[in-house]
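Here the structure is laid out as structure tokens; the discussion comes afterwards.
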Amino acid sequence: MRDRHPSHKTRERLKAAADTAGKRVTLPRALSKLGYCSRTQAERLIAESRVAVDGRIVSDASAWVDLSTARISVDGLAVAAEAKIYLMLNKPRGLVTTRHDPEGRPTVYDCLKDFDIPHLSPVGRLDKASEGLLLFTNDTEFAQILLDPLTHVTKTYHVQIDRLMDDEEIAAMTSGIRHDGELLTATTTRRLRQGDRNSWIEVELDEGRNRQIRRMLEALGAECLRLVRVAIGGLELGDLPKGAVRALTEGELQALRRRAGMERVRR
């Protein structure tokens, strides 16, 4: 079984990235990291000559700035860093993980109506039919490192399938299953409970391939009836009600940062 925690070399690389990431960036990215607007919106503001750095208008979106020293303003008003927010949602089935859906389907942001935070984004995704733990933050550095496949931050799922699974199939999910030319592998798989016609299994992943568990089950000839993410790293969904949102505690945030190899905790 692969090591679930980042290696020393990986932790050092991530620490260096955490120390330098976000200090010297392009101007659109700076505005995004400060929580002022999206990069696309920033590029438009820059093109309209509405953005100044250290008192001088900048009209080139490729310009680089040092976030630790640059004084950035829009329309003459200083841009300050937005307070960092970390939330967890128990995503209900049937919601898409996007802010605006062109088909008019309900989205996860319908659960966040009480949070007036412009740049709150999901950390990863859960597809429309999936449920459970979904993180949101406006801390782009935290999100990027948590999603970095090199950190091996595990995600744990409870999955109901339409039949019983034998030991050989359970083992196959851990050793690897090929689907559409990709080798898909779970970190661990175990049987939770079973009835006469269906069963629940627990699957842990440390990579984020598209529809990975559903594809693995499809290759085994099994149908996924329910898929619930119950944990990310050591952060558990617990008894958070369906559709409910709460802030992460300081302890939970620190534990996630340690799990991802981020040595220093910043709020």
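Identifiers in this document derive from the order of the structure tokens: chains are assigned A, B, ..., residues are numbered from 1 separately in each chain, and ligands are numbered from 1 in order of occurrence.
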Determine, counting only C-alpha atoms, which protein, DNA and RNA residues have an atom within 7 Å of an atom of region 83-98 of chain A; residues of the same chain fewer than 3 positions away are not included. Present the result as a JSON list (two decimals) with all heavy atoms, in the first residue's frame.
```json
[["chain", "number", "residue", "atom", "x", "y", "z"],
["A", 101, "ASP", "N", -25.08, 27.40, -13.68],
["A", 101, "ASP", "CA", -25.27, 26.29, -14.60],
["A", 101, "ASP", "C", -26.08, 26.74, -15.81],
["A", 101, "ASP", "O", -27.19, 27.25, -15.65],
["A", 101, "ASP", "CB", -26.00, 25.13, -13.90],
["A", 101, "ASP", "CG", -26.18, 23.95, -14.82],
["A", 101, "ASP", "OD1", -25.15, 23.36, -15.23],
["A", 101, "ASP", "OD2", -27.33, 23.62, -15.15],
["A", 106, "PRO", "N", -30.03, 23.22, -10.20],
["A", 106, "PRO", "CA", -29.60, 23.73, -8.88],
["A", 106, "PRO", "C", -28.12, 23.42, -8.67],
["A", 106, "PRO", "O", -27.61, 22.39, -9.13],
["A", 106, "PRO", "CB", -30.48, 22.96, -7.89],
["A", 106, "PRO", "CG", -30.97, 21.76, -8.63],
["A", 106, "PRO", "CD", -31.06, 22.17, -10.07],
["A", 107, "THR", "N", -27.43, 24.33, -7.98],
["A", 107, "THR", "CA", -26.00, 24.17, -7.77],
["A", 107, "THR", "C", -25.68, 24.16, -6.28],
["A", 107, "THR", "O", -26.52, 24.51, -5.44],
["A", 107, "THR", "CB", -25.20, 25.31, -8.44],
["A", 107, "THR", "OG1", -25.21, 26.47, -7.60],
["A", 107, "THR", "CG2", -25.78, 25.66, -9.81],
["A", 108, "VAL", "N", -24.44, 23.81, -5.96],
["A", 108, "VAL", "CA", -24.01, 23.79, -4.56],
["A", 108, "VAL", "C", -24.07, 25.18, -3.94],
["A", 108, "VAL", "O", -24.19, 25.30, -2.71],
["A", 108, "VAL", "CB", -22.59, 23.21, -4.44],
["A", 108, "VAL", "CG1", -22.58, 21.72, -4.77],
["A", 108, "VAL", "CG2", -21.59, 23.96, -5.32],
["A", 125, "ARG", "N", -14.31, 18.64, -6.81],
["A", 125, "ARG", "CA", -15.71, 18.52, -7.22],
["A", 125, "ARG", "C", -16.34, 17.23, -6.72],
["A", 125, "ARG", "O", -15.64, 16.28, -6.39],
["A", 125, "ARG", "CB", -15.82, 18.55, -8.76],
["A", 125, "ARG", "CG", -15.54, 19.90, -9.37],
["A", 125, "ARG", "CD", -15.64, 19.83, -10.89],
["A", 125, "ARG", "NE", -15.54, 21.17, -11.46],
["A", 125, "ARG", "CZ", -16.56, 21.98, -11.69],
["A", 125, "ARG", "NH1", -17.79, 21.58, -11.40],
["A", 125, "ARG", "NH2", -16.38, 23.18, -12.19],
["A", 126, "LEU", "N", -17.66, 17.24, -6.70],
["A", 126, "LEU", "CA", -18.46, 16.03, -6.61],
["A", 126, "LEU", "C", -19.48, 16.12, -7.74],
["A", 126, "LEU", "O", -20.10, 17.18, -7.94],
["A", 126, "LEU", "CB", -19.20, 15.95, -5.26],
["A", 126, "LEU", "CG", -18.36, 15.56, -4.03],
["A", 126, "LEU", "CD1", -19.20, 15.69, -2.77],
["A", 126, "LEU", "CD2", -17.81, 14.14, -4.16],
["A", 127, "ASP", "N", -19.66, 15.04, -8.49],
["A", 127, "ASP", "CA", -20.60, 15.12, -9.61],
["A", 127, "ASP", "C", -22.03, 15.20, -9.10],
["A", 127, "ASP", "O", -22.31, 15.05, -7.91],
["A", 127, "ASP", "CB", -20.38, 13.98, -10.61],
["A", 127, "ASP", "CG", -20.65, 12.60, -10.01],
["A", 127, "ASP", "OD1", -21.56, 12.49, -9.15],
["A", 127, "ASP", "OD2", -19.97, 11.64, -10.40],
["A", 128, "LYS", "N", -22.94, 15.44, -10.03],
["A", 128, "LYS", "CA", -24.33, 15.70, -9.67],
["A", 128, "LYS", "C", -24.94, 14.58, -8.84],
["A", 128, "LYS", "O", -25.70, 14.83, -7.88],
["A", 128, "LYS", "CB", -25.16, 15.90, -10.95],
["A", 128, "LYS", "CG", -26.64, 16.18, -10.71],
["A", 128, "LYS", "CD", -27.40, 16.31, -12.02],
["A", 128, "LYS", "CE", -28.89, 16.48, -11.77],
["A", 128, "LYS", "NZ", -29.67, 16.54, -13.04],
["A", 129, "ALA", "N", -24.62, 13.34, -9.16],
["A", 129, "ALA", "CA", -25.23, 12.20, -8.47],
["A", 129, "ALA", "C", -24.54, 11.86, -7.16],
["A", 129, "ALA", "O", -25.03, 11.01, -6.41],
["A", 129, "ALA", "CB", -25.23, 10.99, -9.39],
["A", 130, "SER", "N", -23.40, 12.50, -6.86],
["A", 130, "SER", "CA", -22.65, 12.18, -5.65],
["A", 130, "SER", "C", -23.02, 13.10, -4.49],
["A", 130, "SER", "O", -23.52, 14.20, -4.69],
["A", 130, "SER", "CB", -21.15, 12.26, -5.93],
["A", 130, "SER", "OG", -20.77, 11.33, -6.93],
["A", 131, "GLU", "N", -22.74, 12.64, -3.28],
["A", 131, "GLU", "CA", -23.12, 13.37, -2.07],
["A", 131, "GLU", "C", -21.91, 13.51, -1.15],
["A", 131, "GLU", "O", -20.86, 12.93, -1.38],
["A", 131, "GLU", "CB", -24.21, 12.60, -1.32],
["A", 131, "GLU", "CG", -25.35, 12.10, -2.16],
["A", 131, "GLU", "CD", -26.16, 11.03, -1.44],
["A", 131, "GLU", "OE1", -26.52, 11.26, -0.24],
["A", 131, "GLU", "OE2", -26.44, 9.97, -2.03],
["A", 132, "GLY", "N", -22.11, 14.30, -0.09],
["A", 132, "GLY", "CA", -21.14, 14.29, 0.99],
["A", 132, "GLY", "C", -20.24, 15.50, 1.09],
["A", 132, "GLY", "O", -20.61, 16.61, 0.67],
["A", 133, "LEU", "N", -19.05, 15.28, 1.63],
["A", 133, "LEU", "CA", -18.15, 16.34, 2.05],
["A", 133, "LEU", "C", -17.56, 17.10, 0.87],
["A", 133, "LEU", "O", -16.89, 16.52, 0.02],
["A", 133, "LEU", "CB", -17.03, 15.74, 2.90],
["A", 133, "LEU", "CG", -15.97, 16.69, 3.43],
["A", 133, "LEU", "CD1", -16.58, 17.81, 4.26],
["A", 133, "LEU", "CD2", -14.95, 15.93, 4.26],
["A", 134, "LEU", "N", -17.79, 18.40, 0.86],
["A", 134, "LEU", "CA", -17.24, 19.28, -0.16],
["A", 134, "LEU", "C", -16.72, 20.53, 0.55],
["A", 134, "LEU", "O", -17.45, 21.16, 1.32],
["A", 134, "LEU", "CB", -18.30, 19.66, -1.19],
["A", 134, "LEU", "CG", -17.85, 20.49, -2.40],
["A", 134, "LEU", "CD1", -16.82, 19.72, -3.23],
["A", 134, "LEU", "CD2", -19.05, 20.86, -3.27],
["A", 135, "LEU", "N", -15.46, 20.87, 0.31],
["A", 135, "LEU", "CA", -14.85, 22.04, 0.94],
["A", 135, "LEU", "C", -14.97, 23.26, 0.04],
["A", 135, "LEU", "O", -14.93, 23.15, -1.19],
["A", 135, "LEU", "CB", -13.37, 21.78, 1.23],
["A", 135, "LEU", "CG", -13.04, 20.66, 2.22],
["A", 135, "LEU", "CD1", -11.53, 20.54, 2.38],
["A", 135, "LEU", "CD2", -13.71, 20.90, 3.55],
["A", 136, "PHE", "N", -15.06, 24.44, 0.67],
["A", 136, "PHE", "CA", -15.07, 25.71, -0.03],
["A", 136, "PHE", "C", -14.09, 26.65, 0.65],
["A", 136, "PHE", "O", -13.98, 26.67, 1.88],
["A", 136, "PHE", "CB", -16.46, 26.35, 0.00],
["A", 136, "PHE", "CG", -17.48, 25.69, -0.87],
["A", 136, "PHE", "CD1", -18.16, 24.56, -0.42],
["A", 136, "PHE", "CD2", -17.78, 26.18, -2.13],
["A", 136, "PHE", "CE1", -19.10, 23.93, -1.22],
["A", 136, "PHE", "CE2", -18.71, 25.56, -2.94],
["A", 136, "PHE", "CZ", -19.38, 24.44, -2.48],
["A", 137, "THR", "N", -13.39, 27.44, -0.14],
["A", 137, "THR", "CA", -12.48, 28.43, 0.43],
["A", 137, "THR", "C", -12.22, 29.54, -0.58],
["A", 137, "THR", "O", -12.45, 29.37, -1.78],
["A", 137, "THR", "CB", -11.13, 27.77, 0.83],
["A", 137, "THR", "OG1", -10.32, 28.73, 1.50],
["A", 137, "THR", "CG2", -10.39, 27.25, -0.39],
["A", 138, "ASN", "N", -11.74, 30.67, -0.08],
["A", 138, "ASN", "CA", -11.23, 31.73, -0.95],
["A", 138, "ASN", "C", -9.71, 31.79, -0.87],
["A", 138, "ASN", "O", -9.09, 32.73, -1.36],
["A", 138, "ASN", "CB", -11.85, 33.09, -0.58],
["A", 138, "ASN", "CG", -11.62, 33.45, 0.88],
["A", 138, "ASN", "OD1", -11.04, 32.68, 1.64],
["A", 138, "ASN", "ND2", -12.09, 34.62, 1.27],
["A", 139, "ASP", "N", -9.11, 30.79, -0.25],
["A", 139, "ASP", "CA", -7.65, 30.68, -0.12],
["A", 139, "ASP", "C", -7.15, 29.80, -1.26],
["A", 139, "ASP", "O", -7.12, 28.56, -1.15],
["A", 139, "ASP", "CB", -7.31, 30.07, 1.25],
["A", 139, "ASP", "CG", -5.81, 30.03, 1.52],
["A", 139, "ASP", "OD1", -5.03, 30.15, 0.56],
["A", 139, "ASP", "OD2", -5.44, 29.88, 2.70],
["A", 240, "LEU", "N", -22.96, 16.30, 10.13],
["A", 240, "LEU", "CA", -23.44, 17.52, 9.50],
["A", 240, "LEU", "C", -24.66, 17.20, 8.64],
["A", 240, "LEU", "O", -24.60, 16.32, 7.77],
["A", 240, "LEU", "CB", -22.33, 18.13, 8.62],
["A", 240, "LEU", "CG", -22.62, 19.49, 7.98],
["A", 240, "LEU", "CD1", -22.72, 20.58, 9.05],
["A", 240, "LEU", "CD2", -21.53, 19.85, 6.96],
["A", 241, "PRO", "N", -25.79, 17.88, 8.85],
["A", 241, "PRO", "CA", -27.01, 17.55, 8.10],
["A", 241, "PRO", "C", -26.86, 17.80, 6.60],
["A", 241, "PRO", "O", -26.04, 18.61, 6.16],
["A", 241, "PRO", "CB", -28.06, 18.51, 8.70],
["A", 241, "PRO", "CG", -27.52, 18.87, 10.05],
["A", 241, "PRO", "CD", -26.03, 18.90, 9.88],
["A", 242, "LYS", "N", -27.65, 17.09, 5.82],
["A", 242, "LYS", "CA", -27.63, 17.24, 4.38],
["A", 242, "LYS", "C", -27.96, 18.69, 4.01],
["A", 242, "LYS", "O", -28.93, 19.26, 4.48],
["A", 242, "LYS", "CB", -28.66, 16.30, 3.76],
["A", 242, "LYS", "CG", -28.55, 16.16, 2.26],
["A", 242, "LYS", "CD", -27.40, 15.27, 1.87],
["A", 242, "LYS", "CE", -27.62, 13.84, 2.28],
["A", 242, "LYS", "NZ", -26.51, 12.94, 1.86],
["A", 243, "GLY", "N", -27.12, 19.28, 3.17],
["A", 243, "GLY", "CA", -27.34, 20.65, 2.71],
["A", 243, "GLY", "C", -26.83, 21.71, 3.67],
["A", 243, "GLY", "O", -26.88, 22.90, 3.36],
["A", 244, "ALA", "N", -26.32, 21.29, 4.83],
["A", 244, "ALA", "CA", -25.83, 22.24, 5.83],
["A", 244, "ALA", "C", -24.37, 22.60, 5.58],
["A", 244, "ALA", "O", -23.61, 21.84, 4.99],
["A", 244, "ALA", "CB", -26.00, 21.68, 7.23],
["A", 245, "VAL", "N", -23.99, 23.80, 6.07],
["A", 245, "VAL", "CA", -22.64, 24.32, 5.90],
["A", 245, "VAL", "C", -22.13, 24.76, 7.27],
["A", 245, "VAL", "O", -22.88, 25.30, 8.08],
["A", 245, "VAL", "CB", -22.63, 25.54, 4.95],
["A", 245, "VAL", "CG1", -21.20, 26.04, 4.72],
["A", 245, "VAL", "CG2", -23.28, 25.20, 3.62],
["A", 246, "ARG", "N", -20.85, 24.51, 7.51],
["A", 246, "ARG", "CA", -20.22, 25.05, 8.73],
["A", 246, "ARG", "C", -18.76, 25.39, 8.45],
["A", 246, "ARG", "O", -18.15, 24.86, 7.51],
["A", 246, "ARG", "CB", -20.33, 24.08, 9.90],
["A", 246, "ARG", "CG", -19.43, 22.87, 9.82],
["A", 246, "ARG", "CD", -19.34, 22.19, 11.18],
["A", 246, "ARG", "NE", -18.58, 20.95, 11.19],
["A", 246, "ARG", "CZ", -17.25, 20.89, 11.31],
["A", 246, "ARG", "NH1", -16.53, 22.01, 11.39],
["A", 246, "ARG", "NH2", -16.63, 19.72, 11.33],
["A", 247, "ALA", "N", -18.22, 26.28, 9.27],
["A", 247, "ALA", "CA", -16.81, 26.64, 9.14],
["A", 247, "ALA", "C", -15.94, 25.55, 9.75],
["A", 247, "ALA", "O", -16.33, 24.90, 10.72],
["A", 247, "ALA", "CB", -16.55, 27.98, 9.84],
["A", 248, "LEU", "N", -14.76, 25.35, 9.17],
["A", 248, "LEU", "CA", -13.79, 24.45, 9.77],
["A", 248, "LEU", "C", -13.25, 25.06, 11.06],
["A", 248, "LEU", "O", -13.10, 26.28, 11.15],
["A", 248, "LEU", "CB", -12.62, 24.19, 8.82],
["A", 248, "LEU", "CG", -12.75, 23.01, 7.85],
["A", 248, "LEU", "CD1", -13.92, 23.21, 6.90],
["A", 248, "LEU", "CD2", -11.46, 22.82, 7.06],
["A", 267, "ARG", "N", -4.13, 31.99, 8.74],
["A", 267, "ARG", "CA", -5.57, 32.27, 8.59],
["A", 267, "ARG", "C", -5.74, 33.63, 7.99],
["A", 267, "ARG", "O", -4.88, 34.48, 8.13],
["A", 267, "ARG", "CB", -6.24, 32.26, 9.96],
["A", 267, "ARG", "CG", -6.43, 30.86, 10.52],
["A", 267, "ARG", "CD", -7.26, 29.94, 9.65],
["A", 267, "ARG", "NE", -8.62, 30.37, 9.52],
["A", 267, "ARG", "CZ", -9.65, 29.85, 10.15],
["A", 267, "ARG", "NH1", -9.48, 28.86, 10.98],
["A", 267, "ARG", "NH2", -10.87, 30.27, 9.96]]
```
- Residue nearest Ile57 (chain A) - candidates A:Val203, A:Leu45, A:Ile170, A:Ile177, atoms counted: only C-alpha atoms: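 Closest to Ile57 (chain A) of all the choices is A:Leu45.
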- Message: Using only C-alpha atoms, which protein or nucleic acid residues come within 9 Å of Ala222 (chain A)? Drop anything in the same chain fewer than 3 positions from it, and give the result as a list in words.
- Response: Ile161, Asp162, Arg163, Leu164, Met165, Arg214, Met216, Leu217, Glu218 and Ala219 of chain A
- Considering only C-alpha atoms, return as an NGL selection string whatever protein or nucleic-acid residues lie within 7 Å of Leu34 (chain A), sequence-local ones (same chain, fewer than 4 positions apart) excluded. :A and (30 or 80-82)
With a distance cut-off of 8 Å and only C-alpha atoms, select the neighbouring residues of Ala47 (chain A), excluding the residue or stretch itself and same-chain residues fewer than 3 positions from it, and output the selection as a CSV table (one decimal) with N, CA and C atoms, in the first residue's frame.
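Wrote it out as selection18.csv, contents follow:
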```csv
chain,number,residue,atom,x,y,z
A,43,GLU,N,-8.5,41.1,-15.9
A,43,GLU,CA,-8.0,41.4,-17.2
A,43,GLU,C,-8.8,42.5,-17.8
A,44,ARG,N,-10.1,42.5,-17.7
A,44,ARG,CA,-11.0,43.5,-18.2
A,44,ARG,C,-10.7,44.9,-17.5
A,50,ARG,N,-8.1,50.8,-15.3
A,50,ARG,CA,-8.7,51.1,-14.0
A,50,ARG,C,-7.8,50.6,-12.8
A,59,SER,N,-1.8,48.9,-17.7
A,59,SER,CA,-2.7,48.4,-18.7
A,59,SER,C,-2.3,47.1,-19.4
A,60,ASP,N,-1.2,46.6,-18.9
A,60,ASP,CA,-0.7,45.3,-19.4
A,60,ASP,C,-1.0,44.1,-18.4
A,61,ALA,N,-1.9,43.2,-18.9
A,61,ALA,CA,-2.3,42.1,-18.0
A,61,ALA,C,-1.2,41.1,-17.7
```
- All strand (DSSP E or B) positions in region 14-235 of chain A, as a PyMOL selection string: chain A and resi 24-26+51-53+56-57+64-66+72-74+77-78+86-91+96+107+121-122+131-137+155-161+177-179+182-184+188-194+199-205+224-232+235
- Note on the structure: Ile145 (chain A) proximity check over A:Ala78, A:Cys224, A:Ala260, A:Cys111, using only C-alpha atoms: winner is A:Ala260
- Message: Env of Leu147 (chain A): 8 Å cut, atoms = only C-alpha atoms, seq-sep filter 5 positions within chain, self excluded. Answer as a PyMOL selection string.
- Response: chain A and resi 123-124+153
Keeping all heavy atoms, export the residues of the selection given above as an mmCIF file, in the first residue's frame.
```cif
data_model
loop_
_atom_site.group_PDB
_atom_site.id
_atom_site.type_symbol
_atom_site.label_atom_id
_atom_site.label_comp_id
_atom_site.auth_asym_id
_atom_site.auth_seq_id
_atom_site.Cartn_x
_atom_site.Cartn_y
_atom_site.Cartn_z
ATOM 1 N N VAL A 123 -13.210 23.172 -3.398
ATOM 2 C CA VAL A 123 -11.907 22.514 -3.494
ATOM 3 C C VAL A 123 -12.158 21.147 -4.118
ATOM 4 O O VAL A 123 -12.559 20.206 -3.441
ATOM 5 C CB VAL A 123 -11.248 22.372 -2.113
ATOM 6 C CG1 VAL A 123 -9.875 21.718 -2.244
ATOM 7 C CG2 VAL A 123 -11.141 23.733 -1.432
ATOM 8 N N GLY A 124 -11.981 21.045 -5.424
ATOM 9 C CA GLY A 124 -12.336 19.831 -6.128
ATOM 10 C C GLY A 124 -13.829 19.808 -6.430
ATOM 11 O O GLY A 124 -14.523 20.821 -6.300
ATOM 12 N N VAL A 153 -3.310 13.566 -0.360
ATOM 13 C CA VAL A 153 -4.366 13.740 0.644
ATOM 14 C C VAL A 153 -5.529 12.837 0.239
ATOM 15 O O VAL A 153 -6.089 12.966 -0.849
ATOM 16 C CB VAL A 153 -4.820 15.207 0.724
ATOM 17 C CG1 VAL A 153 -6.005 15.341 1.676
ATOM 18 C CG2 VAL A 153 -3.670 16.090 1.179
#
```
I need the helix (DSSP H, G or I) residues of region 181-225 of chain A per DSSP on the backbone, written as a PDB file with all heavy atoms, in the first residue's frame.
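Listing of out.pdb after writing:
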```pdb
ATOM      1  N   GLN A 212     -13.900   8.357 -11.029  1.00  0.00           N
ATOM      2  CA  GLN A 212     -13.015   7.205 -10.851  1.00  0.00           C
ATOM      3  C   GLN A 212     -13.717   5.989 -10.266  1.00  0.00           C
ATOM      4  O   GLN A 212     -13.610   4.876 -10.808  1.00  0.00           O
ATOM      5  CB  GLN A 212     -11.823   7.588  -9.981  1.00  0.00           C
ATOM      6  CG  GLN A 212     -10.827   6.453  -9.776  1.00  0.00           C
ATOM      7  CD  GLN A 212      -9.530   6.922  -9.166  1.00  0.00           C
ATOM      8  OE1 GLN A 212      -9.214   8.090  -9.206  1.00  0.00           O
ATOM      9  NE2 GLN A 212      -8.761   6.016  -8.613  1.00  0.00           N
ATOM     10  N   ILE A 213     -14.424   6.165  -9.162  1.00  0.00           N
ATOM     11  CA  ILE A 213     -15.058   5.009  -8.519  1.00  0.00           C
ATOM     12  C   ILE A 213     -16.153   4.432  -9.407  1.00  0.00           C
ATOM     13  O   ILE A 213     -16.262   3.203  -9.562  1.00  0.00           O
ATOM     14  CB  ILE A 213     -15.620   5.408  -7.143  1.00  0.00           C
ATOM     15  CG1 ILE A 213     -14.469   5.779  -6.196  1.00  0.00           C
ATOM     16  CG2 ILE A 213     -16.459   4.272  -6.550  1.00  0.00           C
ATOM     17  CD1 ILE A 213     -14.912   6.292  -4.846  1.00  0.00           C
ATOM     18  N   ARG A 214     -16.954   5.282  -9.999  1.00  0.00           N
ATOM     19  CA  ARG A 214     -18.025   4.796 -10.886  1.00  0.00           C
ATOM     20  C   ARG A 214     -17.441   4.008 -12.054  1.00  0.00           C
ATOM     21  O   ARG A 214     -17.999   2.973 -12.468  1.00  0.00           O
ATOM     22  CB  ARG A 214     -18.859   5.972 -11.389  1.00  0.00           C
ATOM     23  CG  ARG A 214     -19.605   6.718 -10.287  1.00  0.00           C
ATOM     24  CD  ARG A 214     -20.443   7.863 -10.847  1.00  0.00           C
ATOM     25  NE  ARG A 214     -20.988   8.678  -9.784  1.00  0.00           N
ATOM     26  CZ  ARG A 214     -22.090   8.386  -9.088  1.00  0.00           C
ATOM     27  NH1 ARG A 214     -22.758   7.283  -9.359  1.00  0.00           N
ATOM     28  NH2 ARG A 214     -22.509   9.192  -8.133  1.00  0.00           N
ATOM     29  N   ARG A 215     -16.334   4.478 -12.596  1.00  0.00           N
ATOM     30  CA  ARG A 215     -15.706   3.788 -13.729  1.00  0.00           C
ATOM     31  C   ARG A 215     -15.125   2.446 -13.299  1.00  0.00           C
ATOM     32  O   ARG A 215     -15.199   1.454 -14.038  1.00  0.00           O
ATOM     33  CB  ARG A 215     -14.624   4.675 -14.334  1.00  0.00           C
ATOM     34  CG  ARG A 215     -15.180   5.919 -15.035  1.00  0.00           C
ATOM     35  CD  ARG A 215     -14.080   6.916 -15.338  1.00  0.00           C
ATOM     36  NE  ARG A 215     -13.072   6.359 -16.240  1.00  0.00           N
ATOM     37  CZ  ARG A 215     -11.861   6.888 -16.409  1.00  0.00           C
ATOM     38  NH1 ARG A 215     -11.515   7.972 -15.717  1.00  0.00           N
ATOM     39  NH2 ARG A 215     -11.000   6.340 -17.242  1.00  0.00           N
ATOM     40  N   MET A 216     -14.545   2.380 -12.116  1.00  0.00           N
ATOM     41  CA  MET A 216     -14.002   1.121 -11.618  1.00  0.00           C
ATOM     42  C   MET A 216     -15.112   0.088 -11.427  1.00  0.00           C
ATOM     43  O   MET A 216     -14.970  -1.083 -11.792  1.00  0.00           O
ATOM     44  CB  MET A 216     -13.256   1.355 -10.308  1.00  0.00           C
ATOM     45  CG  MET A 216     -12.009   2.222 -10.450  1.00  0.00           C
ATOM     46  SD  MET A 216     -11.264   2.672  -8.860  1.00  0.00           S
ATOM     47  CE  MET A 216     -10.404   1.146  -8.454  1.00  0.00           C
ATOM     48  N   LEU A 217     -16.225   0.553 -10.854  1.00  0.00           N
ATOM     49  CA  LEU A 217     -17.347  -0.360 -10.651  1.00  0.00           C
ATOM     50  C   LEU A 217     -17.948  -0.798 -11.988  1.00  0.00           C
ATOM     51  O   LEU A 217     -18.318  -1.968 -12.161  1.00  0.00           O
ATOM     52  CB  LEU A 217     -18.414   0.318  -9.788  1.00  0.00           C
ATOM     53  CG  LEU A 217     -18.014   0.579  -8.330  1.00  0.00           C
ATOM     54  CD1 LEU A 217     -19.071   1.419  -7.636  1.00  0.00           C
ATOM     55  CD2 LEU A 217     -17.789  -0.736  -7.590  1.00  0.00           C
ATOM     56  N   GLU A 218     -18.022   0.133 -12.933  1.00  0.00           N
ATOM     57  CA  GLU A 218     -18.537  -0.207 -14.261  1.00  0.00           C
ATOM     58  C   GLU A 218     -17.687  -1.293 -14.909  1.00  0.00           C
ATOM     59  O   GLU A 218     -18.211  -2.223 -15.535  1.00  0.00           O
ATOM     60  CB  GLU A 218     -18.546   1.054 -15.137  1.00  0.00           C
ATOM     61  CG  GLU A 218     -19.088   0.842 -16.543  1.00  0.00           C
ATOM     62  CD  GLU A 218     -19.032   2.118 -17.365  1.00  0.00           C
ATOM     63  OE1 GLU A 218     -19.223   3.214 -16.782  1.00  0.00           O
ATOM     64  OE2 GLU A 218     -18.783   2.025 -18.579  1.00  0.00           O
ATOM     65  N   ALA A 219     -16.364  -1.189 -14.755  1.00  0.00           N
ATOM     66  CA  ALA A 219     -15.468  -2.194 -15.332  1.00  0.00           C
ATOM     67  C   ALA A 219     -15.680  -3.566 -14.692  1.00  0.00           C
ATOM     68  O   ALA A 219     -15.424  -4.604 -15.322  1.00  0.00           O
ATOM     69  CB  ALA A 219     -14.020  -1.755 -15.163  1.00  0.00           C
TER      70      ALA A 219
END
```
- Note on the structure: Correct to one decimal, the distance CA of Val74 (chain A)-CA of Val51 (chain A) is 4.6 Å
